Amino acid sequence: MVASSPAFARDQIKIVGSSTVFPFSTTVAERFGKSTDFKTLVVESTGSGGGLKLFCSGFGIEHPDITNASRRIKESEVAKCAENGVTQIVEAKIDYDGIVLANALYFKKYGEVRRSSKDYC
């Protein structure tokens, strides 16, 4: 998760980003809205790269306050944020996500796959 200073002119926090993190973020946003005096956060699934692109495109009420990603923010994205005035970025690792490969018992089994996420980054 990456966040910048809150958009003070808006009465709701807007979050964009990872489709794999989206169900978790939505649940947290709904519980936050039900258990506090604040409005429920707006959460949109845009993908990690798409969320960071929106987040880094500028600062203010028309831009998201937080982006979820299933990876760290890239240096090129930090630079793009800075170009657009998004400079007070806080990156927080909340959890890990993953992909599970499975198949029905009546189909031919996949070979064993053991790779680290480092193999794909």
# chains A, B, ... in the order shown; residues from 1 in each chain; ligands from 1
call {"tool": "residues_around", "arguments": {"residues": "region 78-83 of chain A", "least_positions_apart": "2", "cutoff": "10 Å", "atoms": "only C-alpha atoms", "output": "ChimeraX atom specification"}}
result
/A:52-59,73-76,85-89
call {"tool": "write_last_selection", "arguments": {"atoms": "N, CA and C atoms", "output": "compact mmCIF listing (two decimals), in the first residue's frame"}}
result
# COMPACT_ATOMS: atom_id res chain seq x y z
N LEU A 52 -1.01 2.58 -9.47
CA LEU A 52 0.15 3.45 -9.26
C LEU A 52 0.19 4.57 -10.30
N LYS A 53 -0.25 4.28 -11.52
CA LYS A 53 -0.30 5.32 -12.55
C LYS A 53 -1.28 6.42 -12.15
N LEU A 54 -2.46 6.03 -11.67
CA LEU A 54 -3.45 7.01 -11.22
C LEU A 54 -2.94 7.78 -10.01
N PHE A 55 -2.36 7.06 -9.06
CA PHE A 55 -1.85 7.67 -7.84
C PHE A 55 -0.77 8.70 -8.15
N CYS A 56 0.13 8.36 -9.07
CA CYS A 56 1.26 9.23 -9.39
C CYS A 56 0.91 10.33 -10.39
N SER A 57 -0.32 10.37 -10.86
CA SER A 57 -0.68 11.37 -11.87
C SER A 57 -0.95 12.75 -11.29
N GLY A 58 -1.04 12.86 -9.99
CA GLY A 58 -1.23 14.18 -9.40
C GLY A 58 -1.76 14.11 -7.99
N PHE A 59 -2.01 15.28 -7.44
CA PHE A 59 -2.40 15.41 -6.05
C PHE A 59 -3.68 16.23 -5.98
N ILE A 73 6.56 -0.21 -4.97
CA ILE A 73 6.56 0.87 -5.95
C ILE A 73 7.94 0.93 -6.60
N LYS A 74 7.96 1.10 -7.93
CA LYS A 74 9.22 1.15 -8.66
C LYS A 74 9.83 2.55 -8.56
N GLU A 75 11.14 2.63 -8.73
CA GLU A 75 11.82 3.92 -8.72
C GLU A 75 11.27 4.84 -9.81
N SER A 76 10.96 4.26 -10.97
CA SER A 76 10.41 5.07 -12.07
C SER A 76 9.04 5.65 -11.69
N GLY A 85 4.04 16.26 -8.46
CA GLY A 85 3.79 16.89 -7.16
C GLY A 85 3.42 15.95 -6.04
N VAL A 86 3.47 14.65 -6.28
CA VAL A 86 3.18 13.66 -5.23
C VAL A 86 4.51 13.29 -4.60
N THR A 87 4.84 13.94 -3.50
CA THR A 87 6.18 13.78 -2.93
C THR A 87 6.18 13.18 -1.53
N GLN A 88 5.10 13.28 -0.80
CA GLN A 88 5.07 12.74 0.56
C GLN A 88 4.45 11.34 0.53
N ILE A 89 5.21 10.40 0.00
CA ILE A 89 4.73 9.03 -0.17
C ILE A 89 5.15 8.18 1.02
call {"tool": "residues_around", "arguments": {"residues": "Thr20 (chain A)", "least_positions_apart": "3", "cutoff": "9 Å", "atoms": "only C-alpha atoms", "output": "ChimeraX atom specification"}}
result
/A:17,23-24,45,47-48,69-70,97-98
call {"tool": "closest_residue", "arguments": {"among": "A:Asn84, A:Ser25, A:Asn103, A:Gln12", "to": "Glu44 (chain A)", "atoms": "only C-alpha atoms"}}
result
A:Ser25
call {"tool": "atom_distance", "arguments": {"atom1": "CA of Gly51 (chain A)", "atom2": "CA of Val16 (chain A)"}}
result
5.1 Å
call {"tool": "closest_residue", "arguments": {"among": "A:Val28, A:Ile13, A:Val21, A:Ala104", "to": "Thr46 (chain A)", "atoms": "only C-alpha atoms"}}
result
A:Val21
call {"tool": "atom_distance", "arguments": {"atom1": "CA of Ile99 (chain A)", "atom2": "CA of Phe32 (chain A)"}}
result
27.2 Å
call {"tool": "select_by_dssp", "arguments": {"residues": "region 44-109 of chain A", "states": "alpha helix (DSSP H)", "output": "count of residues only"}}
result
17
call {"tool": "atom_distance", "arguments": {"atom1": "CA of Arg71 (chain A)", "atom2": "CA of Lys93 (chain A)"}}
result
9.2 Å
call {"tool": "closest_residue", "arguments": {"among": "A:Val90, A:Leu41, A:Leu105, A:Ala29", "to": "Arg72 (chain A)", "atoms": "only C-alpha atoms"}}
result
A:Val90
call {"tool": "select_by_dssp", "arguments": {"residues": "region 28-69 of chain A", "states": "strand (DSSP E or B)", "output": "ChimeraX atom specification"}}
result
/A:42-45,66-68
call {"tool": "write_last_selection", "arguments": {"atoms": "C-alpha atoms", "output": "compact mmCIF listing (two decimals), in the first residue's frame"}}
result
# COMPACT_ATOMS: atom_id res chain seq x y z
CA VAL A 42 -14.10 4.22 -1.99
CA VAL A 43 -12.12 1.24 -3.37
CA GLU A 44 -11.55 0.59 -7.10
CA SER A 45 -9.80 -2.38 -8.72
CA ILE A 66 -4.00 5.42 -1.51
CA THR A 67 -2.98 2.73 -3.96
CA ASN A 68 -2.76 -0.99 -3.24
call {"tool": "decode", "arguments": {"residues": "region 67-106 of chain A", "atoms": "C-alpha atoms", "output": "mmCIF file, in the first residue's frame"}}
result
data_model
loop_
_atom_site.group_PDB
_atom_site.id
_atom_site.type_symbol
_atom_site.label_atom_id
_atom_site.label_comp_id
_atom_site.auth_asym_id
_atom_site.auth_seq_id
_atom_site.Cartn_x
_atom_site.Cartn_y
_atom_site.Cartn_z
ATOM 1 C CA THR A 67 -2.984 2.729 -3.960
ATOM 2 C CA ASN A 68 -2.763 -0.994 -3.240
ATOM 3 C CA ALA A 69 -0.176 -3.016 -5.086
ATOM 4 C CA SER A 70 0.933 -6.619 -5.048
ATOM 5 C CA ARG A 71 4.515 -5.369 -5.390
ATOM 6 C CA ARG A 72 6.719 -2.496 -4.229
ATOM 7 C CA ILE A 73 6.558 0.871 -5.946
ATOM 8 C CA LYS A 74 9.220 1.150 -8.664
ATOM 9 C CA GLU A 75 11.821 3.923 -8.716
ATOM 10 C CA SER A 76 10.410 5.072 -12.066
ATOM 11 C CA GLU A 77 6.969 5.391 -10.433
ATOM 12 C CA VAL A 78 8.417 7.377 -7.530
ATOM 13 C CA ALA A 79 10.030 9.690 -10.100
ATOM 14 C CA LYS A 80 6.717 10.047 -11.983
ATOM 15 C CA CYS A 81 4.963 10.863 -8.707
ATOM 16 C CA ALA A 82 7.554 13.553 -7.938
ATOM 17 C CA GLU A 83 7.133 15.068 -11.427
ATOM 18 C CA ASN A 84 3.422 15.453 -10.677
ATOM 19 C CA GLY A 85 3.787 16.885 -7.164
ATOM 20 C CA VAL A 86 3.179 13.664 -5.231
ATOM 21 C CA THR A 87 6.180 13.785 -2.925
ATOM 22 C CA GLN A 88 5.065 12.735 0.559
ATOM 23 C CA ILE A 89 4.730 9.026 -0.172
ATOM 24 C CA VAL A 90 4.493 6.464 2.615
ATOM 25 C CA GLU A 91 4.929 2.815 1.615
ATOM 26 C CA ALA A 92 3.613 0.190 4.036
ATOM 27 C CA LYS A 93 3.848 -3.573 3.580
ATOM 28 C CA ILE A 94 0.577 -4.980 4.904
ATOM 29 C CA ASP A 95 0.711 -8.601 3.791
ATOM 30 C CA TYR A 96 1.659 -10.913 0.942
ATOM 31 C CA ASP A 97 -0.575 -12.231 -1.809
ATOM 32 C CA GLY A 98 -0.070 -15.281 -3.964
ATOM 33 C CA ILE A 99 -1.276 -17.414 -6.807
ATOM 34 C CA VAL A 100 -2.394 -21.010 -6.411
ATOM 35 C CA LEU A 101 -2.383 -23.498 -9.293
ATOM 36 C CA ALA A 102 -4.936 -26.288 -8.982
ATOM 37 C CA ASN A 103 -6.716 -28.753 -11.223
ATOM 38 C CA ALA A 104 -9.613 -31.192 -10.956
ATOM 39 C CA LEU A 105 -8.720 -34.766 -9.999
ATOM 40 C CA TYR A 106 -10.074 -36.157 -13.280
#
